[in-house]
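Colleague: Below you will find the structure I want to go over with you.
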Amino acid sequence: MALFYLGWDLLALEERVHILERRIERRILRDSQNPYDLPRNEFLNMFRVSPELAMDLTNEIRDQLQRERSTGLPEEIQVLVVINFYAKGGYQRATGDNFVVNVSQPSVSRCIHSVTDAINNTLLRRCVRFPMTAVERQNARQKFVNAFEGAIGAIDCTHINIITPNEHEEAYMNHHGNHSLNVQAIVDPGLKILNINARFPGARNDSYIWSTSPIRRAMEYHYNLGERQTWLIGDAGYALEPWLLTPEGTRQYMYTRKHCKARNVVERFFGVFKSMWRCLSYQRVLMYTPEMAGKIVNACAVIYNMRIQYRLPIQQIEGYIEQEQQYENIERHNEIIERRGPRIVAMRIQTQLMASWFPDYIDGDQ
């Protein structure tokens, strides 16, 4: 029996030695390879960002990523590990085994939490900003002037799949039968994110999320102050309001065609956003709590807007939007929350726009 325990102790000791050797190997590999030495195109393909953007992002959150040990991961590597996870959407171990970063799975997990929290705390409000001042809204209207006069953004929601949560599991079950977050986004014609809301479970419909949104209160506030020529554009899943215009169905074909063409930017955005950050794609599942999953969505939105600021090319996987849309629009018409007072005013606005834009169009004749 004593020999048995002695043999077991020796095996445990050998395993510990092997783990330490592996740690040393990883550190040697990591120290011998600098990801910033990669060719620019290869760096962009692996991390979806340029070396300049990655370094500036690291400098912005460096104070929140200080290493506790001298042998800890440099802040630059921490950020690249996390961006690579966002971009590829793989498991933590596979992300760590990447030949460039060479870190363990526990280190990847710590990096994801610390970097994601740092981006949310430091950069979210600065990089994802809705036009709140009169000058900002005027500039936003200019971007839409040829597509849909008066609009400052297009709004819609999309589902981000998550692992089954431990609490209130039923609230996260969407109409596809998956557990998800229902994420609301508002974008401009340049596909820049003006607002992102990743706090609501998948069982909540688009109209409910909008009804509780601070952006809705801001739009209503400016409308009541007399700003009557500013609105968002959304699909039939939203209630018609003076500050949120929706399609008119078959009653006014020309207006609806113009509306849908302008609103298409938000559909294109979701395709670009999810193909850029594969951890959010329909085929993936975020293996995190709803709160952490929402922070990951926010962090991806921040880096996405930074890419636009750095004028990096936007690429999209062909056919991605169509695959997403065949699920997204199944029950939109059953989700509208009626607000009769604002709806009547909004219908009057629609009629005025139709008469202004299409004076020769006779309703019902074409």
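Residues in the structure tokens are numbered from 1 in each chain, the chains being A, B, ... in the order shown, and ligands are numbered from 1 in the order shown.
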Kindly provide the residues of segment 273-311 of chain A that approach segment 162-172 of chain A to within 8 Å, each paired with its closest atom pair and their distance in Å to one decimal, based on only C-alpha atoms, listed by chain and increasing number, as JSON lines.

Modeller:
```
{"residue": "A:Val285", "atom": "CA", "partner": "A:Ile162", "partner_atom": "CA", "distance": 4.9}
{"residue": "A:Leu286", "atom": "CA", "partner": "A:Ile162", "partner_atom": "CA", "distance": 4.5}
{"residue": "A:Met287", "atom": "CA", "partner": "A:Ile163", "partner_atom": "CA", "distance": 5.1}
{"residue": "A:Tyr288", "atom": "CA", "partner": "A:Ile163", "partner_atom": "CA", "distance": 6.4}
{"residue": "A:Thr289", "atom": "CA", "partner": "A:Pro165", "partner_atom": "CA", "distance": 6.2}
{"residue": "A:Pro290", "atom": "CA", "partner": "A:Pro165", "partner_atom": "CA", "distance": 7.0}
{"residue": "A:Ala293", "atom": "CA", "partner": "A:Ile162", "partner_atom": "CA", "distance": 7.2}
```

Colleague: Set the distance at 10 Å and use only C-alpha atoms: which residues neighbour His113 of chain A once local chain neighbours fewer than 2 positions away are removed? I'd like the list as a list in words.

Modeller: Val82, Val108, Ser109, Arg110, Cys111, Val115, Thr116, Asp117, Ala118, Met292, Lys295 and Ile296 of chain A

Colleague: Write out as a list in words the residues lying within 12 Å of Tyr310 of chain A, counting only C-alpha atoms and excluding same-chain residues fewer than 4 positions away.

Modeller: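 Here the answer would be Val49, Ser50, Pro51, Glu52, Leu53, Ala54, Asp56, Leu57, Ile303, Tyr304, Asn305, Met306 and Ile314 of chain A.
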
Colleague: Please produce a file of those selected residues containing N, CA, C and O atoms, as an mmCIF file, in the first residue's frame.

Modeller:
```cif
data_model
loop_
_atom_site.group_PDB
_atom_site.id
_atom_site.type_symbol
_atom_site.label_atom_id
_atom_site.label_comp_id
_atom_site.auth_asym_id
_atom_site.auth_seq_id
_atom_site.Cartn_x
_atom_site.Cartn_y
_atom_site.Cartn_z
ATOM 1 N N VAL A 49 -8.252 44.324 -36.698
ATOM 2 C CA VAL A 49 -7.880 45.715 -36.455
ATOM 3 C C VAL A 49 -6.453 45.923 -36.944
ATOM 4 O O VAL A 49 -5.693 44.955 -37.129
ATOM 5 N N SER A 50 -6.079 47.166 -37.147
ATOM 6 C CA SER A 50 -4.715 47.484 -37.554
ATOM 7 C C SER A 50 -3.801 47.513 -36.327
ATOM 8 O O SER A 50 -4.274 47.660 -35.183
ATOM 9 N N PRO A 51 -2.494 47.387 -36.524
ATOM 10 C CA PRO A 51 -1.575 47.500 -35.381
ATOM 11 C C PRO A 51 -1.712 48.833 -34.650
ATOM 12 O O PRO A 51 -1.627 48.887 -33.418
ATOM 13 N N GLU A 52 -1.951 49.919 -35.404
ATOM 14 C CA GLU A 52 -2.096 51.241 -34.773
ATOM 15 C C GLU A 52 -3.323 51.288 -33.871
ATOM 16 O O GLU A 52 -3.268 51.795 -32.748
ATOM 17 N N LEU A 53 -4.431 50.742 -34.373
ATOM 18 C CA LEU A 53 -5.650 50.734 -33.568
ATOM 19 C C LEU A 53 -5.459 49.879 -32.317
ATOM 20 O O LEU A 53 -5.857 50.271 -31.211
ATOM 21 N N ALA A 54 -4.865 48.702 -32.479
ATOM 22 C CA ALA A 54 -4.651 47.806 -31.339
ATOM 23 C C ALA A 54 -3.789 48.472 -30.271
ATOM 24 O O ALA A 54 -4.073 48.372 -29.068
ATOM 25 N N ASP A 56 -3.316 51.777 -29.799
ATOM 26 C CA ASP A 56 -4.052 52.888 -29.191
ATOM 27 C C ASP A 56 -5.114 52.380 -28.215
ATOM 28 O O ASP A 56 -5.318 52.970 -27.149
ATOM 29 N N LEU A 57 -5.794 51.290 -28.584
ATOM 30 C CA LEU A 57 -6.772 50.691 -27.675
ATOM 31 C C LEU A 57 -6.092 50.233 -26.389
ATOM 32 O O LEU A 57 -6.608 50.459 -25.282
ATOM 33 N N ILE A 303 -14.978 48.623 -30.553
ATOM 34 C CA ILE A 303 -13.869 48.399 -31.487
ATOM 35 C C ILE A 303 -14.347 48.573 -32.930
ATOM 36 O O ILE A 303 -13.611 49.068 -33.790
ATOM 37 N N TYR A 304 -15.591 48.177 -33.199
ATOM 38 C CA TYR A 304 -16.165 48.366 -34.541
ATOM 39 C C TYR A 304 -16.177 49.852 -34.914
ATOM 40 O O TYR A 304 -15.765 50.227 -36.012
ATOM 41 N N ASN A 305 -16.651 50.705 -34.011
ATOM 42 C CA ASN A 305 -16.656 52.146 -34.296
ATOM 43 C C ASN A 305 -15.241 52.709 -34.409
ATOM 44 O O ASN A 305 -14.993 53.633 -35.192
ATOM 45 N N MET A 306 -14.327 52.172 -33.627
ATOM 46 C CA MET A 306 -12.935 52.614 -33.746
ATOM 47 C C MET A 306 -12.375 52.248 -35.121
ATOM 48 O O MET A 306 -11.609 53.007 -35.709
ATOM 49 N N ILE A 314 -14.410 47.709 -44.453
ATOM 50 C CA ILE A 314 -15.481 46.885 -43.887
ATOM 51 C C ILE A 314 -15.763 45.758 -44.859
ATOM 52 O O ILE A 314 -16.112 45.992 -46.016
#
```

Colleague: Could you tell me how far atom CA of Val266 of chain A lies from atom CA of Ala185 of chain A, in Å and to one decimal?

Modeller: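 Separation of atom CA of Val266 of chain A and atom CA of Ala185 of chain A: 7.8 Å.
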
Colleague: Have a look at atom CA of Val265 of chain A and atom CA of Pro131 of chain A and let me know their distance in Å, one decimal.

Modeller: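 Spanning atom CA of Val265 of chain A to atom CA of Pro131 of chain A is a straight-line distance of 17.5 Å.
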
Colleague: Using only C-alpha atoms, which residues sit within 7 Å of segment 59-66 of chain A once same-chain residues fewer than 3 positions away are excluded, as an mmCIF file with N, CA and C atoms, in the first residue's frame?

Modeller:
```cif
data_model
loop_
_atom_site.group_PDB
_atom_site.id
_atom_site.type_symbol
_atom_site.label_atom_id
_atom_site.label_comp_id
_atom_site.auth_asym_id
_atom_site.auth_seq_id
_atom_site.Cartn_x
_atom_site.Cartn_y
_atom_site.Cartn_z
ATOM 1 N N MET A 55 -2.737 49.169 -30.695
ATOM 2 C CA MET A 55 -1.861 49.825 -29.725
ATOM 3 C C MET A 55 -2.565 50.988 -29.038
ATOM 4 N N ASP A 56 -3.316 51.777 -29.799
ATOM 5 C CA ASP A 56 -4.052 52.888 -29.191
ATOM 6 C C ASP A 56 -5.114 52.380 -28.215
ATOM 7 N N GLU A 75 0.269 43.977 -21.341
ATOM 8 C CA GLU A 75 -1.045 44.519 -21.678
ATOM 9 C C GLU A 75 -1.347 44.385 -23.170
ATOM 10 N N SER A 114 -11.129 40.893 -17.982
ATOM 11 C CA SER A 114 -10.518 42.167 -17.603
ATOM 12 C C SER A 114 -10.550 43.170 -18.761
ATOM 13 N N ALA A 118 -12.732 46.611 -18.983
ATOM 14 C CA ALA A 118 -12.013 47.877 -19.169
ATOM 15 C C ALA A 118 -12.576 48.666 -20.340
ATOM 16 N N ILE A 119 -12.891 47.987 -21.447
ATOM 17 C CA ILE A 119 -13.462 48.676 -22.607
ATOM 18 C C ILE A 119 -14.824 49.261 -22.270
ATOM 19 N N THR A 122 -14.305 52.320 -19.835
ATOM 20 C CA THR A 122 -13.511 53.455 -20.293
ATOM 21 C C THR A 122 -13.983 54.043 -21.618
#
```

Colleague: State, in Å with one decimal place, the distance from atom CA of Thr246 of chain A to atom CA of Ile209 of chain A.

Modeller: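 If I compute the distance from atom CA of Thr246 of chain A to atom CA of Ile209 of chain A, I get 16.1 Å.
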
Colleague: Would you give me, as a short mmCIF file (atom, residue, chain, number, x, y, z; two decimals) with N, CA and C atoms, in the first residue's frame, the residues in segment 123-250 of chain A that DSSP reads as alpha helix (DSSP H)?

Modeller:
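Done, and the output landed in result28.cif:
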```cif
data_model
loop_
_atom_site.label_atom_id
_atom_site.label_comp_id
_atom_site.auth_asym_id
_atom_site.auth_seq_id
_atom_site.Cartn_x
_atom_site.Cartn_y
_atom_site.Cartn_z
N LEU A 124 -16.90 52.89 -23.81
CA LEU A 124 -18.23 52.69 -24.39
C LEU A 124 -18.96 54.00 -24.63
N ARG A 125 -19.04 54.85 -23.61
CA ARG A 125 -19.79 56.11 -23.77
C ARG A 125 -19.08 57.08 -24.70
N ARG A 126 -17.77 56.97 -24.82
CA ARG A 126 -17.03 57.87 -25.69
C ARG A 126 -17.13 57.47 -27.16
N CYS A 127 -17.12 56.16 -27.43
CA CYS A 127 -17.06 55.69 -28.81
C CYS A 127 -18.41 55.38 -29.42
N ALA A 134 -28.25 69.72 -30.74
CA ALA A 134 -28.89 70.15 -31.98
C ALA A 134 -27.93 70.09 -33.16
N VAL A 135 -26.69 70.47 -32.92
CA VAL A 135 -25.69 70.44 -34.00
C VAL A 135 -25.42 69.00 -34.43
N GLU A 136 -25.28 68.09 -33.47
CA GLU A 136 -25.04 66.69 -33.80
C GLU A 136 -26.20 66.08 -34.57
N ARG A 137 -27.42 66.43 -34.20
CA ARG A 137 -28.59 65.89 -34.92
C ARG A 137 -28.67 66.47 -36.33
N GLN A 138 -28.32 67.73 -36.49
CA GLN A 138 -28.30 68.33 -37.82
C GLN A 138 -27.28 67.63 -38.71
N ASN A 139 -26.12 67.34 -38.17
CA ASN A 139 -25.11 66.61 -38.93
C ASN A 139 -25.58 65.21 -39.28
N ALA A 140 -26.30 64.58 -38.34
CA ALA A 140 -26.82 63.24 -38.60
C ALA A 140 -27.88 63.27 -39.70
N ARG A 141 -28.73 64.30 -39.70
CA ARG A 141 -29.75 64.41 -40.75
C ARG A 141 -29.12 64.58 -42.13
N GLN A 142 -27.99 65.28 -42.19
CA GLN A 142 -27.33 65.48 -43.48
C GLN A 142 -26.88 64.16 -44.10
N LYS A 143 -26.54 63.20 -43.26
CA LYS A 143 -26.10 61.90 -43.79
C LYS A 143 -27.25 61.15 -44.45
N PHE A 144 -28.48 61.38 -43.97
CA PHE A 144 -29.65 60.70 -44.50
C PHE A 144 -30.40 61.53 -45.53
N ASP A 206 -38.87 43.56 -29.85
CA ASP A 206 -38.19 44.80 -30.23
C ASP A 206 -38.92 46.03 -29.69
N SER A 207 -40.24 46.01 -29.81
CA SER A 207 -41.02 47.18 -29.41
C SER A 207 -40.92 47.45 -27.91
N TYR A 208 -40.89 46.39 -27.11
CA TYR A 208 -40.75 46.57 -25.66
C TYR A 208 -39.40 47.20 -25.33
N ILE A 209 -38.34 46.70 -25.95
CA ILE A 209 -37.01 47.24 -25.69
C ILE A 209 -36.96 48.72 -26.03
N TRP A 210 -37.57 49.10 -27.16
CA TRP A 210 -37.60 50.50 -27.55
C TRP A 210 -38.41 51.33 -26.56
N SER A 211 -39.50 50.78 -26.06
CA SER A 211 -40.37 51.55 -25.16
C SER A 211 -39.67 51.91 -23.86
N PRO A 214 -33.71 54.83 -23.17
CA PRO A 214 -33.44 56.26 -22.93
C PRO A 214 -33.44 57.07 -24.23
N ILE A 215 -33.10 56.44 -25.35
CA ILE A 215 -33.10 57.15 -26.63
C ILE A 215 -34.52 57.53 -27.01
N ARG A 216 -35.49 56.67 -26.73
CA ARG A 216 -36.88 57.03 -27.02
C ARG A 216 -37.29 58.25 -26.21
N ARG A 217 -36.92 58.26 -24.94
CA ARG A 217 -37.27 59.41 -24.10
C ARG A 217 -36.61 60.68 -24.61
N ALA A 218 -35.37 60.56 -25.09
CA ALA A 218 -34.68 61.73 -25.63
C ALA A 218 -35.35 62.23 -26.90
N MET A 219 -35.75 61.30 -27.78
CA MET A 219 -36.42 61.69 -29.02
C MET A 219 -37.76 62.37 -28.72
N GLU A 220 -38.51 61.81 -27.78
CA GLU A 220 -39.79 62.41 -27.41
C GLU A 220 -39.59 63.79 -26.78
N TYR A 221 -38.55 63.91 -25.97
CA TYR A 221 -38.25 65.18 -25.31
C TYR A 221 -37.97 66.28 -26.34
N HIS A 222 -37.13 65.99 -27.31
CA HIS A 222 -36.80 66.99 -28.34
C HIS A 222 -38.02 67.28 -29.22
N TYR A 223 -38.85 66.28 -29.46
CA TYR A 223 -40.07 66.51 -30.23
C TYR A 223 -40.99 67.48 -29.48
N ASN A 224 -41.16 67.28 -28.20
CA ASN A 224 -42.04 68.14 -27.41
C ASN A 224 -41.49 69.56 -27.28
#
```

Colleague: Among segment 76-158 of chain A, which ones does DSSP place in strand (DSSP E or B), written as a ChimeraX atom specification?

Modeller: /A:151-158

Colleague: I'd like the neighbourhood of Thr256 of chain A as a PyMOL selection string, where a residue qualifies if any of its atoms comes within 12 Å (using only C-alpha atoms), though same-chain residues fewer than 2 positions away should be ignored.

Modeller: chain A and resi 148+233-236+245-254+258-264+350-351+353-354+357-358

Colleague: Which of these, A:Leu280, A:Ile77, A:Ala239, A:Leu123, has the shortest distance to Ser180 of chain A once you count only C-alpha atoms?

Modeller: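 Checking each of A:Leu280, A:Ile77, A:Ala239, A:Leu123 against Ser180 of chain A, counting only C-alpha atoms, the winner is A:Leu280.
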
Colleague: Considering only C-alpha atoms, can you say which of A:Leu240, A:Phe85, A:Ile308, A:Ile155 comes closest to Ser213 of chain A?

Modeller: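 Closest to Ser213 of chain A, using only C-alpha atoms: A:Ile155.
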